[in-house]
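Enquirer: Quick one: the structure is below, questions incoming.
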Amino acid sequence: MRTLVTGGAGFLGSHLCEKLLAEGNEVICLDNFFTGNHGNIQHLRDNSHFELIRHDVTEPILLEVDRIYNLACPASPIHYQFNPVKTTKTSVMGAINMLGLAKRVHARILQASTSEVYGDPSVHPQKEDYWGNVNPVGIRSCYDEGKRVAETLFMDYHRQNQVDIRIVRIFNTYGPRMLPNDGRVVSNFIVQALRNENLTIYGDGSQTRSFCYCDDLIEAFVRMMNQDQIIGPVNIGNPSEFTMLELANNVISLTGSKSKIIYHKLPLDDPKMRRPDISLAKQFLNNWEPKITLNQGLQKTIAYFDSLLAHQEPV
Ligand code: NAD
Ligand code: UDP
């Protein structure tokens with residue numbers, strides 16, 4: 001299969017490119033390097049089945065491909081709020097351009113959607129048939145609504161033009177190759193703990209998230225793309241739920257850090273709780289469920305940042 005991965009130089013995209021190459025596919029990685037970087041894909045550059053294209057998904061492109069994974073979009077609040085108009089354009093025009101490409105070359109296309117389509121949920125845990133509680137005019141809206149419109153476009157290209165689509169809704173995923181300044185909670189806490197700086201909890205730390213290790217998520221991506229029973233949306237994530245205070249204490253104890261916890265103001269519209277119901281994924285993705293516990297995944301991620309920071313900050 002010749003497979004296009006948009007956002008392929010990012011955190012999840014680079015893991016996906018690696019997995020697809022290992023399974024014998026040809027991979028075209030497309031990225032504008034907003035939050036992605038060459039370091040993430042450096043080890044793939046010598047592989048003759050790997051090709052890199054610097055391109056922005058808000059512009060059309062014509063490529064001959066069999067499959068498309070559409071991941072291009074900044075995922076961390078500080079990055080998607082940096083240029084919110086561009087974030088919406090990336091989700092919406094990116095989806096139109098990639099769906100147009102899929103339609104033209106008859107490629108199957110998978111959308112990396114998000115648990116943010118549920119907003120600040122009033123139903124817990126979240127199932128795919130819950131329509132969500134999203135503020136359309138807040139600071140998270142550029143991302144949440146952009147991703148919601150992308151889902152709409154996917155469904156309409158499917159109904160109207162018979163495009164072969166798949167949609168997955170990703171819940172908080174972490175692991176090696178997140179940026180140290182990414183701003184998401186797992187990377188923030190680990191970097192702060194390794195530097196013996198204060199861990200910054202936003203709000204009182206009682207809000208919850210359910211954290212999935214990247215390898216578990218990538219396995220589900222590929223299973224979703226390869227099966228013919230369901231187009232989605234399908235939730236993918238780890239249903240083990242933790243408060244941010246629990247996460248902070250775990251990170252401090254796993255790193256053996258001297259860090260203390262400090263409290264900052266909670267950002268606007270920050271969801272109070274989040275946990276995926278993954279029954280659909282289990283049923284249709286060959287009994288898929290996450291295998292890596294939070295502590296195992298944190299240990300791998302801590303080892304990654306430890307080595308990264310050691311190279312950046314010679315003692
Ligand atoms: P990331 O920021 O590391 O990766 C996004 C990639 O897309 C980067 O390489 C970036 O340079 C690229 N990109 C951004 N705008 C682009 C554009 N206009 N044209 C081309 N490339 C562009 O984030 P990630 O965590 O790897 O997320 C990947 C995808 O998964 C995103 O679509 C995100 O919304 C989705 N997702 C991730 C999570 C998570 O917890 N990691 C959760 C829900 C959804
Ligand atoms: N958060 C925090 N400290 C940080 C970064 C984030 O307490 O340094 C909180 C944030 O307010 C949210 C949770 O951690 O409640 C998850 O934040 P993240 O940005 O990782 O993901 P999202 O809010 O998009 O789920």
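Please note that chains go A, B, ... in the order of the structure tokens, that every chain numbers its residues from 1, and that ligands are numbered from 1 in the order shown.
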Quick one: everything within 9 Å of Glu246 (chain A), counting only C-alpha atoms, minus sequence neighbours fewer than 4 positions away in the same chain. Send it as a PyMOL selection string.
Expert: chain A and resi 205-206+242+250-251
Enquirer: Let's see if you can do this: from backbone DSSP, list all helix (DSSP H, G or I) residues in region 52-135 of chain A, as an MDAnalysis selection string.
Expert: chainID A and resid 77:80 84:105 115:118
Enquirer: Kindly provide, as a ChimeraX atom specification, all nucleotide and amino acid residues lying within 8 Å of ligand 2, counting only C-alpha atoms and all ligand atoms.
Expert: /A:75-78,116,171-172,183-186,188-189,199-203,205,207-209,244-245,264,266-267,270-272,274
Enquirer: Now that the selection is made, can you save its residues with C-alpha atoms as a PDB file, in the first residue's frame?
Expert:
```pdb
ATOM      1  CA  ALA A  75      -3.064  19.191  19.159  1.00  0.00           C
ATOM      2  CA  SER A  76      -1.826  21.057  22.218  1.00  0.00           C
ATOM      3  CA  PRO A  77      -3.932  23.990  23.486  1.00  0.00           C
ATOM      4  CA  ILE A  78      -1.014  26.452  23.474  1.00  0.00           C
ATOM      5  CA  GLU A 116     -12.715  17.379  22.198  1.00  0.00           C
ATOM      6  CA  PHE A 171      -8.489  10.620  23.852  1.00  0.00           C
ATOM      7  CA  ASN A 172      -5.393  12.131  25.531  1.00  0.00           C
ATOM      8  CA  GLY A 183       2.227  22.507  26.890  1.00  0.00           C
ATOM      9  CA  ARG A 184       0.222  19.306  27.347  1.00  0.00           C
ATOM     10  CA  VAL A 185       0.052  18.032  30.866  1.00  0.00           C
ATOM     11  CA  VAL A 186       2.131  14.842  30.659  1.00  0.00           C
ATOM     12  CA  ASN A 188       4.845  19.577  31.172  1.00  0.00           C
ATOM     13  CA  PHE A 189       4.875  17.560  34.408  1.00  0.00           C
ATOM     14  CA  LEU A 199       4.742  21.137  38.792  1.00  0.00           C
ATOM     15  CA  THR A 200       2.011  23.502  37.556  1.00  0.00           C
ATOM     16  CA  ILE A 201      -1.498  22.222  38.219  1.00  0.00           C
ATOM     17  CA  TYR A 202      -4.199  24.312  36.556  1.00  0.00           C
ATOM     18  CA  GLY A 203      -7.224  24.678  38.863  1.00  0.00           C
ATOM     19  CA  GLY A 205      -6.221  19.322  40.167  1.00  0.00           C
ATOM     20  CA  GLN A 207     -10.256  17.481  36.798  1.00  0.00           C
ATOM     21  CA  THR A 208      -9.746  14.071  35.210  1.00  0.00           C
ATOM     22  CA  ARG A 209      -8.249  12.710  31.986  1.00  0.00           C
ATOM     23  CA  MET A 244      -4.307  15.856  37.495  1.00  0.00           C
ATOM     24  CA  LEU A 245      -3.245  15.778  41.143  1.00  0.00           C
ATOM     25  CA  HIS A 264      -2.345  28.129  38.554  1.00  0.00           C
ATOM     26  CA  LEU A 266      -7.758  26.959  35.340  1.00  0.00           C
ATOM     27  CA  PRO A 267      -7.947  27.897  31.621  1.00  0.00           C
ATOM     28  CA  ASP A 270     -11.192  23.245  30.492  1.00  0.00           C
ATOM     29  CA  PRO A 271     -13.189  19.957  30.521  1.00  0.00           C
ATOM     30  CA  LYS A 272     -13.813  18.715  34.093  1.00  0.00           C
ATOM     31  CA  ARG A 274     -12.954  12.732  30.354  1.00  0.00           C
TER      32      ARG A 274
END
```
Enquirer: Could you list the protein, DNA and RNA residues that have any atom within 8 Å of ligand 1, counting only C-alpha atoms and all ligand atoms, and write them as number ranges by chain?
Expert: A: 6-14, 30-37, 54-58, 70-76, 79, 86-87, 89-91, 94, 111-116, 143, 147, 169-174, 177-179, 212, 214
Enquirer: Interatomic distance between CA of Ile167 (chain A) and CA of Glu289 (chain A)?
Expert: 17.3 Å
Enquirer: Neighbours of Ala107 (chain A) within 7 Å (only C-alpha atoms; same-chain residues fewer than 5 positions away dropped), as a ChimeraX atom specification?
Expert: /A:65-68,102
Enquirer: With all heavy atoms retained, export the selected residues as a PDB file, in the first residue's frame.
Expert:
```pdb
ATOM      1  N   VAL A  65      -2.084   7.773  -4.158  1.00  0.00           N
ATOM      2  CA  VAL A  65      -1.965   6.978  -2.922  1.00  0.00           C
ATOM      3  C   VAL A  65      -3.167   6.045  -2.778  1.00  0.00           C
ATOM      4  O   VAL A  65      -4.229   6.283  -3.353  1.00  0.00           O
ATOM      5  CB  VAL A  65      -1.860   7.870  -1.656  1.00  0.00           C
ATOM      6  CG1 VAL A  65      -0.532   8.599  -1.608  1.00  0.00           C
ATOM      7  CG2 VAL A  65      -3.016   8.852  -1.563  1.00  0.00           C
ATOM      8  N   ASP A  66      -2.982   4.980  -1.981  1.00  0.00           N
ATOM      9  CA  ASP A  66      -4.066   4.031  -1.712  1.00  0.00           C
ATOM     10  C   ASP A  66      -4.790   4.383  -0.415  1.00  0.00           C
ATOM     11  O   ASP A  66      -5.975   4.079  -0.248  1.00  0.00           O
ATOM     12  CB  ASP A  66      -3.514   2.607  -1.563  1.00  0.00           C
ATOM     13  CG  ASP A  66      -2.683   2.210  -2.763  1.00  0.00           C
ATOM     14  OD1 ASP A  66      -3.228   2.219  -3.862  1.00  0.00           O
ATOM     15  OD2 ASP A  66      -1.472   1.912  -2.597  1.00  0.00           O
ATOM     16  N   ARG A  67      -4.023   4.971   0.519  1.00  0.00           N
ATOM     17  CA  ARG A  67      -4.608   5.255   1.831  1.00  0.00           C
ATOM     18  C   ARG A  67      -4.098   6.589   2.367  1.00  0.00           C
ATOM     19  O   ARG A  67      -2.958   6.981   2.093  1.00  0.00           O
ATOM     20  CB  ARG A  67      -4.240   4.141   2.808  1.00  0.00           C
ATOM     21  CG  ARG A  67      -4.998   2.885   2.435  1.00  0.00           C
ATOM     22  CD  ARG A  67      -4.831   1.805   3.424  1.00  0.00           C
ATOM     23  NE  ARG A  67      -5.837   0.789   3.181  1.00  0.00           N
ATOM     24  CZ  ARG A  67      -5.939  -0.324   3.857  1.00  0.00           C
ATOM     25  NH1 ARG A  67      -5.105  -0.584   4.837  1.00  0.00           N
ATOM     26  NH2 ARG A  67      -6.891  -1.199   3.595  1.00  0.00           N
ATOM     27  N   ILE A  68      -4.948   7.236   3.159  1.00  0.00           N
ATOM     28  CA  ILE A  68      -4.573   8.527   3.753  1.00  0.00           C
ATOM     29  C   ILE A  68      -4.942   8.507   5.239  1.00  0.00           C
ATOM     30  O   ILE A  68      -6.095   8.220   5.586  1.00  0.00           O
ATOM     31  CB  ILE A  68      -5.324   9.705   3.087  1.00  0.00           C
ATOM     32  CG1 ILE A  68      -5.088   9.718   1.569  1.00  0.00           C
ATOM     33  CG2 ILE A  68      -4.914  11.029   3.718  1.00  0.00           C
ATOM     34  CD1 ILE A  68      -6.013  10.692   0.818  1.00  0.00           C
ATOM     35  N   ALA A 102      -8.825  11.906  -1.783  1.00  0.00           N
ATOM     36  CA  ALA A 102      -9.287  10.520  -1.596  1.00  0.00           C
ATOM     37  C   ALA A 102     -10.352  10.177  -2.641  1.00  0.00           C
ATOM     38  O   ALA A 102     -10.353   9.084  -3.221  1.00  0.00           O
ATOM     39  CB  ALA A 102      -9.843  10.335  -0.190  1.00  0.00           C
TER      40      ALA A 102
END
```
Enquirer: Would you give me, as CSV, each residue of region 167-241 of chain A having an atom within 8 Å of an atom of region 294-314 of chain A, along with its shortest atom pair and that distance in Å to one decimal, using only C-alpha atoms and sorting by chain and residue number?
Expert:
```
residue,atom,partner,partner_atom,distance
A:Tyr174,CA,A:Thr301,CA,7.9
A:Gly175,CA,A:Thr301,CA,5.1
A:Pro176,CA,A:Thr301,CA,5.2
A:Arg177,CA,A:Tyr304,CA,7.9
A:Pro180,CA,A:Phe305,CA,7.5
A:Ile190,CA,A:Ile302,CA,6.3
A:Val191,CA,A:Phe305,CA,6.9
A:Leu194,CA,A:Asp306,CA,6.9
A:Phe211,CA,A:Leu294,CA,6.9
A:Cys212,CA,A:Leu294,CA,7.5
A:Tyr213,CA,A:Gly297,CA,5.6
```
Enquirer: May I have the residues from that selection written out with C-alpha atoms, as a PDB file, in the first residue's frame?
Expert:
```
ATOM      1  CA  TYR A 174       1.245  10.719  25.353  1.00  0.00           C
ATOM      2  CA  GLY A 175       4.698   9.265  24.841  1.00  0.00           C
ATOM      3  CA  PRO A 176       8.171   9.868  23.420  1.00  0.00           C
ATOM      4  CA  ARG A 177       8.492  12.621  20.754  1.00  0.00           C
ATOM      5  CA  PRO A 180       9.277  19.431  25.783  1.00  0.00           C
ATOM      6  CA  ILE A 190       7.708  15.256  33.309  1.00  0.00           C
ATOM      7  CA  VAL A 191       9.942  18.099  32.112  1.00  0.00           C
ATOM      8  CA  LEU A 194      13.203  16.234  35.700  1.00  0.00           C
ATOM      9  CA  PHE A 211      -4.157   8.758  29.274  1.00  0.00           C
ATOM     10  CA  CYS A 212      -3.271   6.346  26.473  1.00  0.00           C
ATOM     11  CA  TYR A 213       0.321   5.402  25.598  1.00  0.00           C
TER      12      TYR A 213
END
```
Enquirer: Which residues, written as a short mmCIF file (atom, residue, chain, number, x, y, z; two decimals) with all heavy atoms, in the first residue's frame, have at least one atom at most 12 Å from Gln227 (chain A), with only C-alpha atoms counted and residues fewer than 2 positions away on the same chain left out?
Expert:
```cif
data_model
loop_
_atom_site.label_atom_id
_atom_site.label_comp_id
_atom_site.auth_asym_id
_atom_site.auth_seq_id
_atom_site.Cartn_x
_atom_site.Cartn_y
_atom_site.Cartn_z
N ARG A 108 -8.76 5.06 0.59
CA ARG A 108 -9.45 5.04 1.89
C ARG A 108 -8.80 6.10 2.77
O ARG A 108 -7.58 6.23 2.78
CB ARG A 108 -9.30 3.65 2.52
CG ARG A 108 -9.95 3.55 3.88
CD ARG A 108 -9.91 2.14 4.41
NE ARG A 108 -10.82 1.25 3.69
CZ ARG A 108 -10.99 -0.05 3.98
NH1 ARG A 108 -10.30 -0.60 4.97
NH2 ARG A 108 -11.83 -0.79 3.28
N LEU A 110 -8.60 8.03 6.68
CA LEU A 110 -8.93 7.99 8.13
C LEU A 110 -8.69 9.36 8.73
O LEU A 110 -7.63 9.97 8.52
CB LEU A 110 -8.07 6.94 8.83
CG LEU A 110 -8.26 6.78 10.35
CD1 LEU A 110 -8.07 5.30 10.75
CD2 LEU A 110 -7.29 7.64 11.16
N ASP A 164 -14.47 6.31 0.87
CA ASP A 164 -14.28 5.23 1.84
C ASP A 164 -13.58 5.81 3.09
O ASP A 164 -12.36 5.96 3.09
CB ASP A 164 -13.42 4.16 1.17
CG ASP A 164 -13.29 2.90 1.99
OD1 ASP A 164 -14.04 2.75 2.98
OD2 ASP A 164 -12.42 2.08 1.64
N ILE A 165 -14.36 6.16 4.10
CA ILE A 165 -13.80 6.89 5.25
C ILE A 165 -13.72 6.03 6.51
O ILE A 165 -14.40 5.01 6.64
CB ILE A 165 -14.66 8.13 5.60
CG1 ILE A 165 -16.08 7.69 6.03
CG2 ILE A 165 -14.71 9.12 4.46
CD1 ILE A 165 -16.78 8.69 6.92
N ARG A 166 -12.86 6.48 7.43
CA ARG A 166 -12.81 5.97 8.80
C ARG A 166 -12.62 7.18 9.72
O ARG A 166 -11.86 8.09 9.37
CB ARG A 166 -11.63 5.01 9.02
CG ARG A 166 -11.60 3.79 8.09
CD ARG A 166 -12.66 2.76 8.47
NE ARG A 166 -12.63 1.59 7.62
CZ ARG A 166 -13.26 1.47 6.45
NH1 ARG A 166 -13.99 2.46 5.98
NH2 ARG A 166 -13.17 0.35 5.74
N ALA A 220 -4.39 0.71 17.33
CA ALA A 220 -5.83 0.87 17.05
C ALA A 220 -6.07 1.60 15.73
O ALA A 220 -6.98 1.25 14.97
CB ALA A 220 -6.50 1.62 18.20
N PHE A 221 -5.24 2.61 15.45
CA PHE A 221 -5.32 3.34 14.17
C PHE A 221 -5.26 2.38 13.00
O PHE A 221 -6.07 2.42 12.09
CB PHE A 221 -4.07 4.23 14.06
CG PHE A 221 -4.27 5.68 14.32
CD1 PHE A 221 -5.04 6.11 15.37
CD2 PHE A 221 -3.65 6.62 13.51
CE1 PHE A 221 -5.19 7.46 15.60
CE2 PHE A 221 -3.79 7.96 13.74
CZ PHE A 221 -4.56 8.38 14.79
N VAL A 222 -4.23 1.54 13.03
CA VAL A 222 -3.97 0.65 11.90
C VAL A 222 -5.09 -0.40 11.80
O VAL A 222 -5.55 -0.71 10.72
CB VAL A 222 -2.57 0.01 12.06
CG1 VAL A 222 -2.33 -1.05 11.01
CG2 VAL A 222 -1.51 1.10 11.97
N ARG A 223 -5.55 -0.90 12.95
CA ARG A 223 -6.67 -1.87 12.92
C ARG A 223 -7.92 -1.21 12.34
O ARG A 223 -8.67 -1.83 11.60
CB ARG A 223 -6.97 -2.39 14.33
CG ARG A 223 -5.91 -3.34 14.83
CD ARG A 223 -6.39 -4.04 16.08
NE ARG A 223 -5.28 -4.65 16.78
CZ ARG A 223 -5.40 -5.51 17.77
NH1 ARG A 223 -6.60 -5.85 18.21
NH2 ARG A 223 -4.34 -6.01 18.36
N MET A 224 -8.15 0.05 12.71
CA MET A 224 -9.34 0.75 12.20
C MET A 224 -9.25 0.91 10.68
O MET A 224 -10.23 0.69 9.97
CB MET A 224 -9.41 2.14 12.87
CG MET A 224 -10.61 2.94 12.48
SD MET A 224 -12.14 2.27 13.18
CE MET A 224 -13.37 3.31 12.39
N MET A 225 -8.09 1.28 10.20
CA MET A 225 -7.89 1.46 8.76
C MET A 225 -8.07 0.14 8.01
O MET A 225 -8.62 0.09 6.92
CB MET A 225 -6.48 2.03 8.51
CG MET A 225 -6.16 2.29 7.07
SD MET A 225 -7.23 3.55 6.35
CE MET A 225 -6.12 4.92 6.08
N GLN A 229 -15.66 -3.38 8.65
CA GLN A 229 -16.99 -3.49 9.28
C GLN A 229 -17.59 -2.17 9.70
O GLN A 229 -18.80 -2.02 9.77
CB GLN A 229 -16.89 -4.37 10.52
CG GLN A 229 -16.82 -5.85 10.21
CD GLN A 229 -16.79 -6.62 11.52
OE1 GLN A 229 -15.76 -6.64 12.19
NE2 GLN A 229 -17.91 -7.19 11.89
N ILE A 230 -16.75 -1.19 10.06
CA ILE A 230 -17.28 0.04 10.68
C ILE A 230 -16.49 1.25 10.20
O ILE A 230 -15.26 1.18 10.07
CB ILE A 230 -17.24 -0.10 12.22
CG1 ILE A 230 -17.98 1.06 12.89
CG2 ILE A 230 -15.83 -0.21 12.76
CD1 ILE A 230 -18.17 0.85 14.39
N ILE A 231 -17.21 2.35 9.89
CA ILE A 231 -16.49 3.56 9.45
C ILE A 231 -16.26 4.52 10.63
O ILE A 231 -15.46 5.42 10.54
CB ILE A 231 -17.24 4.30 8.32
CG1 ILE A 231 -18.63 4.75 8.77
CG2 ILE A 231 -17.32 3.44 7.07
CD1 ILE A 231 -19.31 5.70 7.77
N GLY A 232 -16.97 4.33 11.74
CA GLY A 232 -16.82 5.20 12.89
C GLY A 232 -17.92 6.25 12.93
O GLY A 232 -18.86 6.17 12.16
N ALA A 281 -14.62 -0.01 19.96
CA ALA A 281 -13.26 -0.38 19.51
C ALA A 281 -12.98 -1.84 19.83
O ALA A 281 -12.46 -2.59 19.00
CB ALA A 281 -12.22 0.53 20.17
N GLN A 283 -15.14 -4.24 20.17
CA GLN A 283 -15.99 -5.11 19.36
C GLN A 283 -15.50 -5.22 17.91
O GLN A 283 -15.49 -6.31 17.34
CB GLN A 283 -17.42 -4.56 19.39
CG GLN A 283 -18.42 -5.46 18.71
CD GLN A 283 -19.81 -4.81 18.69
OE1 GLN A 283 -20.09 -3.83 19.39
NE2 GLN A 283 -20.69 -5.36 17.87
N PHE A 284 -15.09 -4.09 17.33
CA PHE A 284 -14.81 -4.10 15.90
C PHE A 284 -13.32 -4.12 15.56
O PHE A 284 -12.96 -4.38 14.42
CB PHE A 284 -15.47 -2.89 15.23
CG PHE A 284 -16.96 -3.02 15.17
CD1 PHE A 284 -17.77 -2.33 16.08
CD2 PHE A 284 -17.57 -3.84 14.23
CE1 PHE A 284 -19.15 -2.46 16.03
CE2 PHE A 284 -18.94 -3.98 14.17
CZ PHE A 284 -19.75 -3.28 15.08
N LEU A 285 -12.46 -3.83 16.52
CA LEU A 285 -11.02 -3.78 16.20
C LEU A 285 -10.32 -5.00 16.80
O LEU A 285 -9.27 -4.88 17.45
CB LEU A 285 -10.40 -2.47 16.68
CG LEU A 285 -11.07 -1.18 16.20
CD1 LEU A 285 -10.29 0.04 16.64
CD2 LEU A 285 -11.24 -1.19 14.68
N ASN A 286 -10.94 -6.16 16.61
CA ASN A 286 -10.29 -7.41 17.00
C ASN A 286 -9.87 -7.42 18.47
O ASN A 286 -8.72 -7.70 18.78
CB ASN A 286 -9.07 -7.61 16.06
CG ASN A 286 -8.65 -9.05 16.01
OD1 ASN A 286 -9.38 -9.93 16.50
ND2 ASN A 286 -7.48 -9.30 15.45
#
```
Enquirer: Write out as a list in words which residues come within 7 Å of Pro239 (chain A) when counting only C-alpha atoms, dropping same-chain ones fewer than 4 positions away.
Expert: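 These residues fall inside the cut-off: Ser210, Arg275, Pro276 and Asp277 of chain A.
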Enquirer: Can you spit out the residues from that selection as a tab-separated table (two decimals), in the first residue's frame, using N, CA and C atoms?
Expert:
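So out_1.tsv came out as:
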```tsv
chain	number	residue	atom	x	y	z
A	210	SER	N	-7.95	10.60	30.84
A	210	SER	CA	-7.64	9.18	30.72
A	210	SER	C	-6.53	9.08	29.69
A	275	ARG	N	-13.35	10.40	29.96
A	275	ARG	CA	-12.99	8.97	29.93
A	275	ARG	C	-13.73	8.30	28.78
A	276	PRO	N	-13.00	7.57	27.93
A	276	PRO	CA	-13.68	6.96	26.78
A	276	PRO	C	-14.39	5.68	27.16
A	277	ASP	N	-15.57	5.48	26.56
A	277	ASP	CA	-16.16	4.15	26.53
A	277	ASP	C	-15.60	3.49	25.27
```
Enquirer: Pick the closest to Tyr80 (chain A) from A:Met273, A:Leu153, A:Leu217, A:Ile139: which is it, counting only C-alpha atoms?
Expert: A:Ile139
Enquirer: Per DSSP on the backbone, filter region 156-242 of chain A down to the residues in strand (DSSP E or B) and report them as a list of chain:residue names.
Expert: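 Residues of region 156-242 of chain A classed as strand (DSSP E or B): A:Ile165, A:Arg166, A:Ile167, A:Val168, A:Arg169, A:Ile170, A:Thr173, A:Tyr174, A:Leu199, A:Thr200, A:Ile201, A:Tyr202, A:Thr208, A:Arg209, A:Ser210, A:Cys212, A:Tyr213, A:Val234, A:Asn235, A:Ile236, A:Glu241, A:Phe242.
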Enquirer: Take the residues from that selection and put them in a file with N, CA, C and O atoms, as a short mmCIF file (atom, residue, chain, number, x, y, z; two decimals), in the first residue's frame.
Expert:
```cif
data_model
loop_
_atom_site.label_atom_id
_atom_site.label_comp_id
_atom_site.auth_asym_id
_atom_site.auth_seq_id
_atom_site.Cartn_x
_atom_site.Cartn_y
_atom_site.Cartn_z
N ILE A 165 -14.36 6.16 4.10
CA ILE A 165 -13.80 6.89 5.25
C ILE A 165 -13.72 6.03 6.51
O ILE A 165 -14.40 5.01 6.64
N ARG A 166 -12.86 6.48 7.43
CA ARG A 166 -12.81 5.97 8.80
C ARG A 166 -12.62 7.18 9.72
O ARG A 166 -11.86 8.09 9.37
N ILE A 167 -13.28 7.18 10.87
CA ILE A 167 -13.08 8.28 11.84
C ILE A 167 -12.76 7.68 13.20
O ILE A 167 -13.51 6.84 13.70
N VAL A 168 -11.65 8.12 13.79
CA VAL A 168 -11.36 7.73 15.18
C VAL A 168 -11.34 8.99 16.05
O VAL A 168 -10.86 10.04 15.62
N ARG A 169 -11.88 8.86 17.25
CA ARG A 169 -11.83 9.97 18.22
C ARG A 169 -10.79 9.61 19.27
O ARG A 169 -11.00 8.71 20.09
N ILE A 170 -9.70 10.35 19.22
CA ILE A 170 -8.55 10.05 20.08
C ILE A 170 -8.71 10.76 21.43
O ILE A 170 -8.98 11.97 21.46
N THR A 173 -3.41 11.26 24.49
CA THR A 173 -2.36 10.27 24.23
C THR A 173 -0.99 10.92 24.43
O THR A 173 -0.80 12.08 24.08
N TYR A 174 -0.06 10.16 24.98
CA TYR A 174 1.24 10.72 25.35
C TYR A 174 2.33 9.71 25.00
O TYR A 174 2.04 8.54 24.70
N LEU A 199 5.73 21.65 39.74
CA LEU A 199 4.74 21.14 38.79
C LEU A 199 3.52 22.06 38.83
O LEU A 199 2.99 22.34 39.91
N THR A 200 3.09 22.51 37.64
CA THR A 200 2.01 23.50 37.56
C THR A 200 0.67 22.81 37.34
O THR A 200 0.38 22.34 36.23
N ILE A 201 -0.13 22.74 38.39
CA ILE A 201 -1.50 22.22 38.22
C ILE A 201 -2.42 23.40 37.93
O ILE A 201 -2.38 24.41 38.63
N TYR A 202 -3.22 23.27 36.88
CA TYR A 202 -4.20 24.31 36.56
C TYR A 202 -5.50 23.97 37.29
O TYR A 202 -6.02 22.86 37.16
N THR A 208 -10.30 15.38 35.58
CA THR A 208 -9.75 14.07 35.21
C THR A 208 -9.48 13.98 33.71
O THR A 208 -10.11 14.66 32.90
N ARG A 209 -8.51 13.11 33.36
CA ARG A 209 -8.25 12.71 31.99
C ARG A 209 -7.89 11.23 32.02
O ARG A 209 -7.52 10.68 33.07
N SER A 210 -7.95 10.60 30.84
CA SER A 210 -7.64 9.18 30.72
C SER A 210 -6.53 9.08 29.69
O SER A 210 -6.72 9.47 28.55
N CYS A 212 -3.60 7.53 27.27
CA CYS A 212 -3.27 6.35 26.47
C CYS A 212 -1.82 6.47 26.00
O CYS A 212 -1.41 7.54 25.52
N TYR A 213 -1.06 5.38 26.10
CA TYR A 213 0.32 5.40 25.60
C TYR A 213 0.29 5.30 24.07
O TYR A 213 -0.53 4.58 23.50
N VAL A 234 -15.22 6.04 16.09
CA VAL A 234 -14.90 5.08 17.14
C VAL A 234 -13.93 5.75 18.13
O VAL A 234 -12.92 6.32 17.71
N ASN A 235 -14.27 5.66 19.42
CA ASN A 235 -13.37 6.18 20.46
C ASN A 235 -12.13 5.31 20.58
O ASN A 235 -12.24 4.08 20.60
N ILE A 236 -10.97 5.96 20.70
CA ILE A 236 -9.74 5.22 21.01
C ILE A 236 -9.04 5.92 22.15
O ILE A 236 -8.75 7.12 22.08
N GLU A 241 -8.91 6.34 34.43
CA GLU A 241 -9.10 7.79 34.60
C GLU A 241 -8.34 8.28 35.84
O GLU A 241 -8.37 7.63 36.89
N PHE A 242 -7.67 9.42 35.72
CA PHE A 242 -6.88 9.97 36.83
C PHE A 242 -7.15 11.46 36.99
O PHE A 242 -7.40 12.14 36.00
#
```
Enquirer: Which polymer residues have any atom within 8 Å of an atom of Leu99 (chain A), counting only C-alpha atoms, with same-chain residues fewer than 2 positions away left out, as an MDAnalysis selection string?
Expert: chainID A and resid 95:97 101:103 109 154 157 163
Enquirer: Which distance in Å separates CA of Asn161 (chain A) and CA of Pro60 (chain A), to one decimal?
Expert: 18.2 Å
Enquirer: To one decimal place in Å, what is the distance between CA of Glu18 (chain A) and CA of Val105 (chain A)?
Expert: 24.0 Å
Enquirer: Identify, on the basis of only C-alpha atoms, every residue whose closest approach to Glu219 (chain A) does not exceed 9 Å; exclude the query and any residue fewer than 6 positions from it along the same chain; express the result as a list in words.
Expert: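 Those residues are Leu16, Lys19 and Trp288 of chain A.
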Enquirer: Could you write those residues out with all heavy atoms, as a short mmCIF file (atom, residue, chain, number, x, y, z; two decimals), in the first residue's frame?
Expert:
```cif
data_model
loop_
_atom_site.label_atom_id
_atom_site.label_comp_id
_atom_site.auth_asym_id
_atom_site.auth_seq_id
_atom_site.Cartn_x
_atom_site.Cartn_y
_atom_site.Cartn_z
N LEU A 16 3.29 6.60 13.67
CA LEU A 16 2.49 5.91 12.66
C LEU A 16 3.32 5.60 11.42
O LEU A 16 3.28 4.47 10.90
CB LEU A 16 1.27 6.78 12.29
CG LEU A 16 0.35 6.23 11.22
CD1 LEU A 16 -0.28 4.90 11.66
CD2 LEU A 16 -0.77 7.23 10.90
N LYS A 19 5.50 2.61 12.11
CA LYS A 19 4.75 1.35 12.13
C LYS A 19 4.37 0.91 10.71
O LYS A 19 4.49 -0.26 10.36
CB LYS A 19 3.48 1.54 12.98
CG LYS A 19 2.46 0.44 12.86
CD LYS A 19 2.27 -0.25 14.17
CE LYS A 19 1.18 -1.29 14.07
NZ LYS A 19 1.43 -2.43 14.93
N TRP A 288 -9.34 -5.00 20.45
CA TRP A 288 -8.32 -4.02 20.83
C TRP A 288 -8.62 -3.45 22.22
O TRP A 288 -9.76 -3.13 22.54
CB TRP A 288 -8.26 -2.85 19.83
CG TRP A 288 -7.31 -1.80 20.29
CD1 TRP A 288 -5.95 -1.77 20.11
CD2 TRP A 288 -7.62 -0.61 21.06
NE1 TRP A 288 -5.42 -0.65 20.71
CE2 TRP A 288 -6.42 0.07 21.30
CE3 TRP A 288 -8.81 -0.08 21.56
CZ2 TRP A 288 -6.36 1.28 22.01
CZ3 TRP A 288 -8.75 1.12 22.28
CH2 TRP A 288 -7.54 1.79 22.49
#
```
